[in-house]
Amino acid sequence: MSQDITIKIIDRNGTKHEVQAPTDMNMNIMELVRAYELAEEGTIGVCGGMAMCASCQCYVLNENDVPLPEKSPDEDAMLWEAYHVKENSRLGCQIHITTEINGLEIELAPAQ
Amino acid sequence: MIQTDILIIGAGPTGLFAVFEAGLLKLKCHIIDALPQPGGQLAELYPKKPIYDIPGYPEVLAGDLVNNLMEQIKQFQPGFTLGETAETIEKLEDGSFIVTTNKGTQHQAKAIAIAGGLGTFEPRKPILKDIEFYEQNDRGVDYFVKDPEKYRGKKIVISGGGDSALDWSIFLSDVASEVTLVHRRNEFRGALDSVEKVQELKNSGKIKLITPAEVIGFKGSERIESVDIEINGARMNVETDYFIPLFGLTPKLGAIANWGLEIEKNAIKVNNALDYQTNIEGIYAIGDVNIYPGKLKLILCGFHEATLMCQSVYNRLNPGKKYVLKYTTVSGVDGFDGTRKEAEKAVVKSIE
């Protein structure tokens, strides 16, 4: 049995959640948010996780503490076209849940 | 008024396949879709991406799956109202429905199948002053290329960095007198052949590329005469007849949300024990747009739901009529266009 990790998520209403995320189910942050129903269905993960919409955009709040993988060209291109983009914007669907990102804190960006 | 048996709202894979299953039961279908072409998400979002979980296809490109479905349903002659959105619904005393689109097109049907997927795809609009004024009555802002001929001999400015911006720039470079492509950065994201083709057309002067830049305003009193573009902090003005921002689409459930249907989590509740009917008799919801315990948003599940929906409509329209399931291999497929497909007859012949 592999380990669960802890992720802190601030939803679009400003409410803070601390959730347990499995590392052995090939999940990403977008799917985690949907699994815990922290954003209304239909407003997140619209493209299914192909980095083709920005409905799972989130702001990474502790990027200095948690090493995240580099943005892929696809993610980078999508973020150039999205709204409400900040320096610390990422697409949740491109952040895979691994033990390395234990303790990650994110805030969901407003719906696109 | 358009008359049909089943009015399908949404021309994605589920809606298209419903035409086939309905056809086997001699029911005619008409499809409404907000997008200018059939295929829904598959055609709009990821036509060149592969799908691996369609039974019988180890791998199929989304665009090819749509083309195959169109070919499969061809003999059942579905009608299409494309580029329009279903707006209002009215139930008549005889149990039939009238659905009117945002453009006023009326459809009368004996049953409604909502196959709306994630909802109506609405264009993501750039936030620009007065853009609402110019997007009406052909004043120069378009979010879709519906009729390319409209741009013949005209000057156009396309904005965006994805597949549709690239593909329409390529296509319209042969139609319009001048095509300018504006994007916020130098890199474009699209199929390799599209990016290479734009490079080629740029080199030969058929497409004018302005990057990294952004359209920040318009000029023109009656309609658009030019757009203001900011490039590296400087400003320039480009004369144009049309400005076409192609920034992708966001799905919204839209007017259907006000039809009195039970909604849960942005999806329409249906009876999955029986026939995927909603709380309103005669209105069904199939594919990604519906919800029930254990729902999976998969194309293959949509196909199944479409099949049971057609069966239920048939039973409602033909109460008491005995129906025996027929296999297409055994009984063939008789099209409404007079064609017939059938298995080749085996021969009975002795082998000496």
# chains A, B, ... in the order shown; residues from 1 in each chain; ligands from 1
call {"tool": "interface_residues", "arguments": {"of": "chain A", "to": "chain B", "cutoff": "7 Å", "atoms": "only C-alpha atoms", "output": "mmCIF file with C-alpha atoms, in the first residue's frame"}}
result
data_model
loop_
_atom_site.group_PDB
_atom_site.id
_atom_site.type_symbol
_atom_site.label_atom_id
_atom_site.label_comp_id
_atom_site.auth_asym_id
_atom_site.auth_seq_id
_atom_site.Cartn_x
_atom_site.Cartn_y
_atom_site.Cartn_z
ATOM 1 C CA GLU A 40 -18.761 22.579 -9.236
ATOM 2 C CA GLU A 41 -18.852 19.807 -11.840
ATOM 3 C CA GLY A 42 -18.794 21.258 -15.321
ATOM 4 C CA ALA A 77 0.806 27.699 -24.266
ATOM 5 C CA GLU A 81 -4.345 32.127 -23.515
#
call {"tool": "residues_around", "arguments": {"residues": "Arg316 (chain B)", "least_positions_apart": "6", "cutoff": "10 Å", "atoms": "only C-alpha atoms", "output": "PyMOL selection string"}}
result
chain B and resi 110-111+281-282+310
call {"tool": "closest_residue", "arguments": {"among": "A:Val19, A:Ile10, A:Met52, A:Ala39", "to": "Asn102 (chain A)", "atoms": "only C-alpha atoms"}}
result
A:Val19
call {"tool": "closest_residue", "arguments": {"among": "A:Gln112, A:Asn26, A:Thr43, A:Asn62", "to": "Gln94 (chain A)", "atoms": "only C-alpha atoms"}}
result
A:Asn26
call {"tool": "residues_around", "arguments": {"residues": "Gly79 (chain B)", "least_positions_apart": "4", "cutoff": "10 Å", "atoms": "only C-alpha atoms", "output": "list of chain:residue names"}}
result
B:Ile2, B:Gln3, B:Thr4, B:Leu7, B:Ile8, B:Val19, B:Lys28, B:Cys29, B:His30, B:Ile31, B:Ile32
call {"tool": "closest_residue", "arguments": {"among": "B:Lys103, B:Pro148, B:Gly287, B:Thr180", "to": "Asn237 (chain B)", "atoms": "only C-alpha atoms"}}
result
B:Thr180
call {"tool": "closest_residue", "arguments": {"among": "B:Ile98, B:Ile224, B:Ile210, B:Val60", "to": "Gln136 (chain B)", "atoms": "only C-alpha atoms"}}
result
B:Ile224
call {"tool": "atom_distance", "arguments": {"atom1": "CA of Lys321 (chain B)", "atom2": "CA of Asn272 (chain B)"}}
result
23.1 Å
call {"tool": "select_by_dssp", "arguments": {"residues": "region 139-318 of chain B", "states": "helix (DSSP H, G or I)", "output": "JSON, numbers by chain"}}
result
{"B": [148, 149, 150, 151, 163, 164, 165, 166, 167, 168, 169, 170, 171, 172, 192, 193, 194, 195, 196, 197, 198, 199, 200, 201, 202, 203, 254, 255, 256, 257, 258, 287, 288, 289, 299, 300, 301, 302, 303, 304, 305, 306, 307, 308, 309, 310, 311, 312, 313, 314, 315, 316, 317]}
call {"tool": "write_last_selection", "arguments": {"atoms": "C-alpha atoms", "output": "mmCIF file, in the first residue's frame"}}
result
data_model
loop_
_atom_site.group_PDB
_atom_site.id
_atom_site.type_symbol
_atom_site.label_atom_id
_atom_site.label_comp_id
_atom_site.auth_asym_id
_atom_site.auth_seq_id
_atom_site.Cartn_x
_atom_site.Cartn_y
_atom_site.Cartn_z
ATOM 1 C CA PRO B 148 -15.820 31.408 -45.453
ATOM 2 C CA GLU B 149 -17.219 32.983 -48.642
ATOM 3 C CA LYS B 150 -18.292 35.960 -46.565
ATOM 4 C CA TYR B 151 -14.612 36.910 -46.282
ATOM 5 C CA ASP B 163 -5.314 25.096 -33.850
ATOM 6 C CA SER B 164 -8.372 27.009 -34.973
ATOM 7 C CA ALA B 165 -6.454 30.295 -35.322
ATOM 8 C CA LEU B 166 -3.812 28.495 -37.392
ATOM 9 C CA ASP B 167 -6.195 26.447 -39.505
ATOM 10 C CA TRP B 168 -8.517 29.333 -40.339
ATOM 11 C CA SER B 169 -5.591 31.608 -41.157
ATOM 12 C CA ILE B 170 -4.375 28.974 -43.620
ATOM 13 C CA PHE B 171 -7.798 28.434 -45.137
ATOM 14 C CA LEU B 172 -8.728 32.090 -45.403
ATOM 15 C CA LEU B 192 2.828 20.265 -36.728
ATOM 16 C CA ASP B 193 1.613 20.491 -40.328
ATOM 17 C CA SER B 194 -0.560 23.525 -39.461
ATOM 18 C CA VAL B 195 2.325 25.363 -37.805
ATOM 19 C CA GLU B 196 4.628 24.581 -40.742
ATOM 20 C CA LYS B 197 2.025 25.690 -43.262
ATOM 21 C CA VAL B 198 1.554 29.045 -41.509
ATOM 22 C CA GLN B 199 5.339 29.490 -41.506
ATOM 23 C CA GLU B 200 5.356 28.820 -45.250
ATOM 24 C CA LEU B 201 2.494 31.255 -45.903
ATOM 25 C CA LYS B 202 4.197 33.869 -43.764
ATOM 26 C CA ASN B 203 7.417 33.489 -45.752
ATOM 27 C CA GLY B 254 -27.275 27.392 -21.241
ATOM 28 C CA ALA B 255 -31.006 27.749 -21.815
ATOM 29 C CA ILE B 256 -31.656 24.037 -21.236
ATOM 30 C CA ALA B 257 -31.067 24.708 -17.541
ATOM 31 C CA ASN B 258 -34.390 26.620 -17.549
ATOM 32 C CA GLY B 287 -24.244 11.032 -22.980
ATOM 33 C CA ASP B 288 -22.098 13.381 -20.916
ATOM 34 C CA VAL B 289 -24.999 15.744 -20.194
ATOM 35 C CA ILE B 299 -18.402 7.853 -25.403
ATOM 36 C CA LEU B 300 -19.126 4.137 -25.248
ATOM 37 C CA CYS B 301 -21.621 4.698 -22.407
ATOM 38 C CA GLY B 302 -23.289 7.410 -24.500
ATOM 39 C CA PHE B 303 -23.779 4.913 -27.357
ATOM 40 C CA HIS B 304 -25.543 2.509 -24.999
ATOM 41 C CA GLU B 305 -27.736 5.248 -23.558
ATOM 42 C CA ALA B 306 -28.683 6.426 -27.064
ATOM 43 C CA THR B 307 -29.762 2.901 -27.989
ATOM 44 C CA LEU B 308 -32.032 2.438 -24.976
ATOM 45 C CA MET B 309 -33.463 5.933 -25.454
ATOM 46 C CA CYS B 310 -34.519 5.114 -29.039
ATOM 47 C CA GLN B 311 -36.147 1.908 -27.887
ATOM 48 C CA SER B 312 -38.132 3.812 -25.260
ATOM 49 C CA VAL B 313 -39.259 6.437 -27.788
ATOM 50 C CA TYR B 314 -40.406 3.651 -30.132
ATOM 51 C CA ASN B 315 -42.439 2.025 -27.371
ATOM 52 C CA ARG B 316 -44.022 5.342 -26.420
ATOM 53 C CA LEU B 317 -44.987 6.115 -30.004
#
call {"tool": "atom_distance", "arguments": {"atom1": "CA of Ala35 (chain A)", "atom2": "CA of Ala21 (chain A)"}}
result
9.7 Å
call {"tool": "select_by_dssp", "arguments": {"residues": "chain A", "states": "strand (DSSP E)", "output": "count of residues only"}}
result
25
call {"tool": "residues_around", "arguments": {"residues": "Tyr59 (chain A)", "least_positions_apart": "5", "cutoff": "9 Å", "atoms": "only C-alpha atoms", "output": "tab-separated table (two decimals) with C-alpha atoms, in the first residue's frame"}}
result
chain	number	residue	atom	x	y	z
A	85	VAL	CA	-3.24	34.18	-15.04
A	86	LYS	CA	-0.61	35.07	-12.44
A	87	GLU	CA	3.09	34.31	-12.06
A	88	ASN	CA	2.27	31.24	-9.96
A	89	SER	CA	-0.46	29.85	-12.22
A	90	ARG	CA	-0.41	26.19	-13.15
A	91	LEU	CA	-2.91	23.80	-14.68
A	105	GLU	CA	-0.81	24.40	-1.17
A	106	ILE	CA	-2.92	25.72	-4.03
A	107	GLU	CA	-5.76	28.11	-4.61
A	108	LEU	CA	-8.24	27.49	-7.42
A	109	ALA	CA	-8.36	30.32	-9.98
